[in-house]
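Just run_8.cif here, mmCIF, C-alpha atoms:
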```cif
data_final
#
loop_
_atom_site.label_atom_id
_atom_site.label_comp_id
_atom_site.auth_asym_id
_atom_site.auth_seq_id
_atom_site.Cartn_x
_atom_site.Cartn_y
_atom_site.Cartn_z
CA MET A 348 0.00 0.00 0.00
CA SER A 349 1.43 3.35 -1.00
CA ILE A 350 0.00 6.82 -0.39
CA ARG A 351 1.51 9.83 -2.15
CA VAL A 352 1.92 12.81 0.18
CA ARG A 353 2.33 16.24 -1.44
CA VAL A 354 4.37 18.54 0.79
CA PRO A 355 4.04 22.34 0.46
CA THR A 356 7.14 24.52 0.20
CA PRO A 357 6.94 25.80 3.82
CA LEU A 358 7.22 22.22 5.15
CA ARG A 359 10.05 21.10 2.90
CA ASN A 360 12.69 22.31 5.35
CA VAL A 361 11.46 19.49 7.63
CA THR A 362 11.50 16.89 4.81
CA GLY A 363 14.98 17.69 3.56
CA GLY A 364 13.56 19.52 0.55
CA LEU A 365 11.35 16.66 -0.61
CA ALA A 366 8.08 17.74 -2.24
CA ASP A 367 6.58 14.25 -2.57
CA LEU A 368 6.67 11.53 0.06
CA GLU A 369 5.29 8.02 0.32
CA ALA A 370 3.45 6.54 3.27
CA THR A 371 1.63 3.31 4.00
CA ALA A 372 -0.70 4.36 6.83
CA PRO A 373 -4.41 3.43 6.95
CA THR A 374 -5.63 6.90 8.08
CA VAL A 375 -4.58 10.53 7.76
CA LEU A 376 -3.60 10.68 11.45
CA ALA A 377 -1.52 7.51 11.16
CA CYS A 378 0.10 8.95 8.04
CA PHE A 379 1.16 12.05 9.98
CA GLY A 380 2.56 9.79 12.70
CA GLU A 381 4.52 7.80 10.11
CA LEU A 382 5.91 11.00 8.61
CA GLU A 383 6.81 12.30 12.08
CA THR A 384 8.91 9.17 12.60
CA GLN A 385 10.75 9.76 9.31
CA PHE A 386 10.93 13.56 9.64
CA PRO A 387 10.92 14.72 13.27
CA GLY A 388 9.00 17.97 13.67
CA PHE A 389 6.65 17.23 10.78
CA SER A 390 3.53 16.77 12.93
CA ASP A 391 4.25 19.92 14.94
CA ARG A 392 3.98 21.93 11.74
CA VAL A 393 0.64 20.38 10.75
CA LEU A 394 -1.12 19.58 14.04
CA GLU A 395 -1.99 21.66 17.10
CA GLU A 396 -0.94 20.46 20.56
CA ASN A 397 -4.47 19.08 21.03
CA GLY A 398 -4.00 16.88 17.96
CA GLU A 399 -6.28 18.81 15.59
CA VAL A 400 -5.16 20.13 12.20
CA ARG A 401 -3.75 23.62 12.55
CA ARG A 402 -6.19 26.40 11.70
CA PHE A 403 -4.27 27.62 8.67
CA VAL A 404 -3.49 24.20 7.23
CA ASN A 405 -5.81 22.37 4.85
CA VAL A 406 -5.52 18.64 4.23
CA PHE A 407 -7.02 16.96 1.18
CA VAL A 408 -7.36 13.30 0.20
CA ASN A 409 -7.80 12.91 -3.53
CA GLY A 410 -8.84 16.56 -3.73
CA GLU A 411 -11.46 16.37 -0.95
CA ASP A 412 -11.04 18.38 2.24
CA ILE A 413 -10.78 15.99 5.20
CA ARG A 414 -12.98 18.37 7.21
CA PHE A 415 -15.87 17.15 5.04
CA LEU A 416 -14.82 13.51 5.26
CA ASP A 417 -13.85 11.80 8.53
CA GLY A 418 -11.26 14.39 9.57
CA LEU A 419 -8.00 12.87 10.75
CA ASN A 420 -9.70 9.47 10.79
CA THR A 421 -10.23 9.60 7.02
CA ALA A 422 -9.25 6.21 5.61
CA LEU A 423 -6.43 5.94 3.10
CA LYS A 424 -5.85 3.25 0.52
CA SER A 425 -3.13 2.45 -1.96
CA GLY A 426 -3.00 5.01 -4.75
CA ASP A 427 -4.51 7.85 -2.70
CA GLU A 428 -2.95 11.30 -2.74
CA LEU A 429 -2.80 13.33 0.47
CA SER A 430 -2.11 17.03 -0.06
CA ILE A 431 -1.16 19.47 2.66
CA VAL A 432 -1.99 23.04 1.67
CA PRO A 433 -1.23 26.08 3.80
CA ALA A 434 -4.14 28.55 3.81
CA MET A 435 -3.57 31.81 2.02
CA ALA A 436 -4.65 35.09 3.54
CA GLY A 437 -4.42 38.64 2.41
CA GLY A 438 -6.36 41.50 1.11
#
```
Since I need it in another form, could you write the structure as structure tokens?
Amino acid sequence: MSIRVRVPTPLRNVTGGLADLEATAPTVLACFGELETQFPGFSDRVLEENGEVRRFVNVFVNGEDIRFLDGLNTALKSGDELSIVPAMAGG
């Protein structure tokens, strides 16, 4: 089972510059845990201390926002693409 994880530019300093990662976890939360093991500090950049996704971070599975799926418990399967997208603000 292989999940493609798309890493935004602001997180690439944690991943050694890698823009695309692979994971084998069954859920989004487990995927973040797996990536934390490989790249210490990864989860701190994506998750709040209470374990929720940071306010200005959006997470998508196959283009669908996990907030409208099962949140961090959203199931993953081989071939899925998980994208982490920092929110943009301005005016």
| Polymer residues at most 10 Å from stretch 381-392 of chain A, all atoms listed in the file, same-chain spacing of 6 or more positions, as number ranges by chain | A: 352, 357-363, 368-372, 375, 398, 400-401, 404
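The closest residue to A:Val408, picked from A:Thr356, A:Ser430, A:Asn420, A:Ser349 and counting all atoms listed in the file, is A:Ser430.
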| Residues in the PyMOL selection byres ((chain A and resi 409) around 8), expressed as a list of chain:residue names | A:Phe407, A:Val408, A:Gly410, A:Glu411, A:Asp427, A:Glu428, A:Leu429, A:Ser430
| note | Using only C-alpha atoms, the best pick from A:Gly380, A:Pro433, A:Gly418, A:Pro373 as closest to A:Met348 would be A:Pro373
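Here atom CA of A:Glu396 is placed at a distance of 25.2 Å from atom CA of A:Arg351.
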| field | Residue among A:Leu394, A:Leu416, A:Gly364, A:Val354 lying closest to A:Leu376, counting all atoms listed in the file | value | A:Leu394
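Between atom CA of A:Glu399 and atom CA of A:Leu419 the interatomic distance comes to 7.9 Å.
From atom CA of A:Thr374 back to atom CA of A:Thr421, the distance works out to 5.4 Å.
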| message | List as a PyMOL selection string the protein and nucleic acid residues near A:Pro355, meaning an atom at most 7 Å away when only C-alpha atoms are counted, but skip any in the same chain fewer than 5 places from it. | response | chain A and resi 366+431-432
Generate the missing atoms of stretch 390-423 of chain A up to N, CA and C atoms and report them as a PDB file, in the frame of the given file.
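What follows is the written file part_14.pdb:
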```
ATOM      1  N   SER A 390       4.871  16.655  12.332  1.00  0.00           N
ATOM      2  CA  SER A 390       3.530  16.770  12.930  1.00  0.00           C
ATOM      3  C   SER A 390       3.324  18.105  13.623  1.00  0.00           C
ATOM      4  N   ASP A 391       4.373  18.630  14.256  1.00  0.00           N
ATOM      5  CA  ASP A 391       4.250  19.920  14.940  1.00  0.00           C
ATOM      6  C   ASP A 391       3.887  21.039  13.986  1.00  0.00           C
ATOM      7  N   ARG A 392       4.270  20.903  12.741  1.00  0.00           N
ATOM      8  CA  ARG A 392       3.980  21.930  11.740  1.00  0.00           C
ATOM      9  C   ARG A 392       2.567  21.812  11.191  1.00  0.00           C
ATOM     10  N   VAL A 393       1.954  20.636  11.329  1.00  0.00           N
ATOM     11  CA  VAL A 393       0.640  20.380  10.750  1.00  0.00           C
ATOM     12  C   VAL A 393      -0.467  20.307  11.806  1.00  0.00           C
ATOM     13  N   LEU A 394      -0.115  19.804  12.992  1.00  0.00           N
ATOM     14  CA  LEU A 394      -1.120  19.580  14.040  1.00  0.00           C
ATOM     15  C   LEU A 394      -0.909  20.491  15.240  1.00  0.00           C
ATOM     16  N   GLU A 395      -2.026  20.892  15.847  1.00  0.00           N
ATOM     17  CA  GLU A 395      -1.990  21.660  17.100  1.00  0.00           C
ATOM     18  C   GLU A 395      -1.583  20.716  18.233  1.00  0.00           C
ATOM     19  N   GLU A 396      -1.294  21.274  19.391  1.00  0.00           N
ATOM     20  CA  GLU A 396      -0.940  20.460  20.560  1.00  0.00           C
ATOM     21  C   GLU A 396      -2.071  19.516  20.961  1.00  0.00           C
ATOM     22  N   ASN A 397      -3.324  19.921  20.686  1.00  0.00           N
ATOM     23  CA  ASN A 397      -4.470  19.080  21.030  1.00  0.00           C
ATOM     24  C   ASN A 397      -4.725  17.981  19.991  1.00  0.00           C
ATOM     25  N   GLY A 398      -3.890  17.928  18.960  1.00  0.00           N
ATOM     26  CA  GLY A 398      -4.000  16.880  17.960  1.00  0.00           C
ATOM     27  C   GLY A 398      -4.850  17.223  16.749  1.00  0.00           C
ATOM     28  N   GLU A 399      -5.465  18.386  16.739  1.00  0.00           N
ATOM     29  CA  GLU A 399      -6.280  18.810  15.590  1.00  0.00           C
ATOM     30  C   GLU A 399      -5.392  19.454  14.523  1.00  0.00           C
ATOM     31  N   VAL A 400      -5.893  19.466  13.296  1.00  0.00           N
ATOM     32  CA  VAL A 400      -5.160  20.130  12.200  1.00  0.00           C
ATOM     33  C   VAL A 400      -5.098  21.617  12.504  1.00  0.00           C
ATOM     34  N   ARG A 401      -3.926  22.196  12.298  1.00  0.00           N
ATOM     35  CA  ARG A 401      -3.750  23.620  12.550  1.00  0.00           C
ATOM     36  C   ARG A 401      -4.762  24.438  11.741  1.00  0.00           C
ATOM     37  N   ARG A 402      -5.150  25.548  12.290  1.00  0.00           N
ATOM     38  CA  ARG A 402      -6.190  26.400  11.700  1.00  0.00           C
ATOM     39  C   ARG A 402      -5.876  26.830  10.277  1.00  0.00           C
ATOM     40  N   PHE A 403      -4.632  27.119   9.986  1.00  0.00           N
ATOM     41  CA  PHE A 403      -4.270  27.620   8.670  1.00  0.00           C
ATOM     42  C   PHE A 403      -3.625  26.564   7.786  1.00  0.00           C
ATOM     43  N   VAL A 404      -3.971  25.317   8.056  1.00  0.00           N
ATOM     44  CA  VAL A 404      -3.490  24.200   7.230  1.00  0.00           C
ATOM     45  C   VAL A 404      -4.720  23.441   6.727  1.00  0.00           C
ATOM     46  N   ASN A 405      -4.734  23.164   5.449  1.00  0.00           N
ATOM     47  CA  ASN A 405      -5.810  22.370   4.850  1.00  0.00           C
ATOM     48  C   ASN A 405      -5.219  21.045   4.390  1.00  0.00           C
ATOM     49  N   VAL A 406      -5.971  19.978   4.607  1.00  0.00           N
ATOM     50  CA  VAL A 406      -5.520  18.640   4.230  1.00  0.00           C
ATOM     51  C   VAL A 406      -6.583  18.033   3.313  1.00  0.00           C
ATOM     52  N   PHE A 407      -6.133  17.534   2.178  1.00  0.00           N
ATOM     53  CA  PHE A 407      -7.020  16.960   1.180  1.00  0.00           C
ATOM     54  C   PHE A 407      -6.614  15.521   0.880  1.00  0.00           C
ATOM     55  N   VAL A 408      -7.591  14.665   0.688  1.00  0.00           N
ATOM     56  CA  VAL A 408      -7.360  13.300   0.200  1.00  0.00           C
ATOM     57  C   VAL A 408      -8.057  13.208  -1.140  1.00  0.00           C
ATOM     58  N   ASN A 409      -7.269  12.988  -2.168  1.00  0.00           N
ATOM     59  CA  ASN A 409      -7.800  12.910  -3.530  1.00  0.00           C
ATOM     60  C   ASN A 409      -8.645  14.136  -3.877  1.00  0.00           C
ATOM     61  N   GLY A 410      -8.175  15.304  -3.421  1.00  0.00           N
ATOM     62  CA  GLY A 410      -8.840  16.560  -3.730  1.00  0.00           C
ATOM     63  C   GLY A 410     -10.012  16.924  -2.830  1.00  0.00           C
ATOM     64  N   GLU A 411     -10.348  16.075  -1.862  1.00  0.00           N
ATOM     65  CA  GLU A 411     -11.460  16.370  -0.950  1.00  0.00           C
ATOM     66  C   GLU A 411     -10.929  16.763   0.422  1.00  0.00           C
ATOM     67  N   ASP A 412     -11.436  17.869   0.935  1.00  0.00           N
ATOM     68  CA  ASP A 412     -11.040  18.380   2.240  1.00  0.00           C
ATOM     69  C   ASP A 412     -11.438  17.371   3.321  1.00  0.00           C
ATOM     70  N   ILE A 413     -10.478  16.983   4.170  1.00  0.00           N
ATOM     71  CA  ILE A 413     -10.780  15.990   5.200  1.00  0.00           C
ATOM     72  C   ILE A 413     -11.792  16.501   6.212  1.00  0.00           C
ATOM     73  N   ARG A 414     -11.977  17.815   6.290  1.00  0.00           N
ATOM     74  CA  ARG A 414     -12.980  18.370   7.210  1.00  0.00           C
ATOM     75  C   ARG A 414     -14.396  17.943   6.809  1.00  0.00           C
ATOM     76  N   PHE A 415     -14.566  17.590   5.536  1.00  0.00           N
ATOM     77  CA  PHE A 415     -15.870  17.150   5.040  1.00  0.00           C
ATOM     78  C   PHE A 415     -15.925  15.638   4.874  1.00  0.00           C
ATOM     79  N   LEU A 416     -14.860  14.968   5.267  1.00  0.00           N
ATOM     80  CA  LEU A 416     -14.820  13.510   5.260  1.00  0.00           C
ATOM     81  C   LEU A 416     -14.868  13.057   6.713  1.00  0.00           C
ATOM     82  N   ASP A 417     -13.904  12.253   7.141  1.00  0.00           N
ATOM     83  CA  ASP A 417     -13.850  11.800   8.530  1.00  0.00           C
ATOM     84  C   ASP A 417     -12.716  12.465   9.299  1.00  0.00           C
ATOM     85  N   GLY A 418     -12.331  13.668   8.890  1.00  0.00           N
ATOM     86  CA  GLY A 418     -11.260  14.390   9.570  1.00  0.00           C
ATOM     87  C   GLY A 418      -9.971  13.573   9.555  1.00  0.00           C
ATOM     88  N   LEU A 419      -9.261  13.600  10.659  1.00  0.00           N
ATOM     89  CA  LEU A 419      -8.000  12.870  10.750  1.00  0.00           C
ATOM     90  C   LEU A 419      -8.181  11.361  10.682  1.00  0.00           C
ATOM     91  N   ASN A 420      -9.400  10.897  10.883  1.00  0.00           N
ATOM     92  CA  ASN A 420      -9.700   9.470  10.790  1.00  0.00           C
ATOM     93  C   ASN A 420     -10.064   9.033   9.370  1.00  0.00           C
ATOM     94  N   THR A 421      -9.939   9.932   8.411  1.00  0.00           N
ATOM     95  CA  THR A 421     -10.230   9.600   7.020  1.00  0.00           C
ATOM     96  C   THR A 421      -9.344   8.437   6.586  1.00  0.00           C
ATOM     97  N   ALA A 422      -9.981   7.406   6.055  1.00  0.00           N
ATOM     98  CA  ALA A 422      -9.250   6.210   5.610  1.00  0.00           C
ATOM     99  C   ALA A 422      -8.441   6.498   4.350  1.00  0.00           C
ATOM    100  N   LEU A 423      -7.293   5.847   4.276  1.00  0.00           N
ATOM    101  CA  LEU A 423      -6.430   5.940   3.100  1.00  0.00           C
ATOM    102  C   LEU A 423      -6.246   4.545   2.511  1.00  0.00           C
TER     103      LEU A 423
END
```
